[in-house]
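First the structure, in the form of structure tokens, and then the observations on it.
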Amino acid sequence: AGGGWGATPSKDVTLEAGLTNTVLARMLLQPVQRYIEVQQYDAARTNINFALNQLRIRKILPAVVLDIGDVVSDEAAVVEVEEAVAALDNTWTQLDSTVYTCIFIVVGDNGEMPKNALKYRTQAMDYLQQVEETLDSVIALAPAGPLASAKEAAAKQEQVLRKQAPFLFKTFEGENYRPPTP
């Protein structure tokens with residue numbers, strides 16, 4: 001069935017619906033590293049905040065992990081993922097705020113960040129990696145049946161989003177590419 005990309009997490013969100021949002025959030029994070037690299041911080045934040053606000057991924061993930069724990073027999077793996085998801089709420093916040101900070105750093109005439117400000121871009125990349133790894137661990141732990149259905153539903157929702165919000169899926173070439181803001 002799959003929950004809509006604006007599904008509000010509740011007791012009624014199924015494992016499949018939660019996994020659908022998890023898979024879709026992971027898809028939306030794909031271009032974020034490149035956005036950061038080419039200094040398109042607003043675009044990076046757009047994708048991050050879509051996952052946070054529209055997919056409500058922070059609220060859905062704990063329920064998804066609990067549901068996975070009910071059906072997966074590898075208790076140690078479930079506990080590991082639960083701990084990672086518990087820490088993820090802060091990591092999402094740090095990712096968003098660090099990318100936001102980068103917006104206000106004045107780049108030099110050569111288009112590069114000052115050396116003392118590069119730490120913010122590095123931190124943003126580190127937070128992004130932590131978020132991606134946690135989402136990947138949730139997806140990897142999910143049972144095959146619900147995950148297959150969730151991936152199918154996420155692919156359908158991705159097609160809708162590509163029509164309604166193509167800016168979420170930049171390719172960095174052709175008509176969708178914008179060079180870094182000077």
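Following the order of the structure tokens, first chain is A, next is B, and so on, with residues numbered from 1 inside each chain and ligands from 1 in the order they appear.
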
| Taking the backbone alone, and naming residues the way the document does, which bits of chain A are helix (DSSP H, G or I) by DSSP, as a PyMOL selection string? | chain A and resi 15-29+32-37+41-54+57-71+75-103+115-141+144-164+166-169+174-176

With stretch 119-127 of chain A as the partner and 7 Å as the cut-off, tabulate the residues of stretch 14-95 of chain A that qualify, each row holding the nearest pair of atoms and their distance in Å to one decimal, using only C-alpha atoms, sorted by chain and rising number, as a Markdown table.
| residue | atom | partner | partner_atom | distance |
| --- | --- | --- | --- | --- |
| A:Gln33 | CA | A:Met125 | CA | 6.7 |
| A:Thr91 | CA | A:Tyr127 | CA | 6.1 |
| A:Gln94 | CA | A:Tyr127 | CA | 6.9 |
| A:Leu95 | CA | A:Tyr127 | CA | 5.2 |

| Within 10 Å of A:Glu158, counting only C-alpha atoms, which residues qualify if same-chain residues fewer than 4 places away don't, as a count of residues only? | 14

| request: Find the spatial neighbours of A:Leu29, counting only C-alpha atoms, within a cut-off of 8 Å - ignore same-chain residues fewer than 4 positions away - and output them as a list of chain:residue names. | output: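 Near neighbours after the sequence-gap exclusion: A:Ala25, A:Gln33, A:Asn47, A:Ile48, A:Glu132.
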
Output of the above residues as a compact mmCIF listing (two decimals), in the first residue's frame, restricted to C-alpha atoms:
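Written file, again10.txt:
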# COMPACT_ATOMS: atom_id res chain seq x y z
CA ALA A 25 14.51 9.85 1.91
CA GLN A 33 26.94 15.62 -1.35
CA ASN A 47 16.40 17.93 -0.09
CA ILE A 48 17.30 17.53 3.57
CA GLU A 132 23.10 7.92 4.89

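Of the listed residues A:Val32, A:Leu55, A:Val13, A:Ala44, the one whose atoms come nearest to A:Ile103 is A:Ala44, with distances taken using only C-alpha atoms.
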
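Atom CA of A:Trp92 is found 26.2 Å from atom CA of A:Ser149.
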
| query | Which residues come within 12 Å of A:Gln39, counting only C-alpha atoms, excluding same-chain residues fewer than 2 positions away, as a count of residues only? | reply | 32

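For the pair atom CA of A:Thr20 and atom CA of A:Ala150, the separation is 4.3 Å.
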
| request: Between A:Ala142, A:Ala51, A:Leu147, A:Val131, single out the one closest to A:Val72, counting only C-alpha atoms. | output: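 Closest to A:Val72 of all the choices is A:Ala142.
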
| Which residues come within 8 Å of stretch 61-70 of chain A, counting only C-alpha atoms, excluding same-chain residues fewer than 3 positions away, as a ChimeraX atom specification? | /A:15,18-19,22,57-58,73,75,78,81-82,85-86,138,141-143

| request: Select, from A:Thr14, A:Thr46, A:Thr134, A:Gln159, the residue with the minimum atom-to-atom distance to A:Glu80, counting only C-alpha atoms. | output: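 Comparing A:Thr14, A:Thr46, A:Thr134, A:Gln159 against A:Glu80, the winner is A:Thr134.
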
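Between atom CA of A:Gln129 and atom CA of A:Arg26 there is a distance of 11.2 Å.
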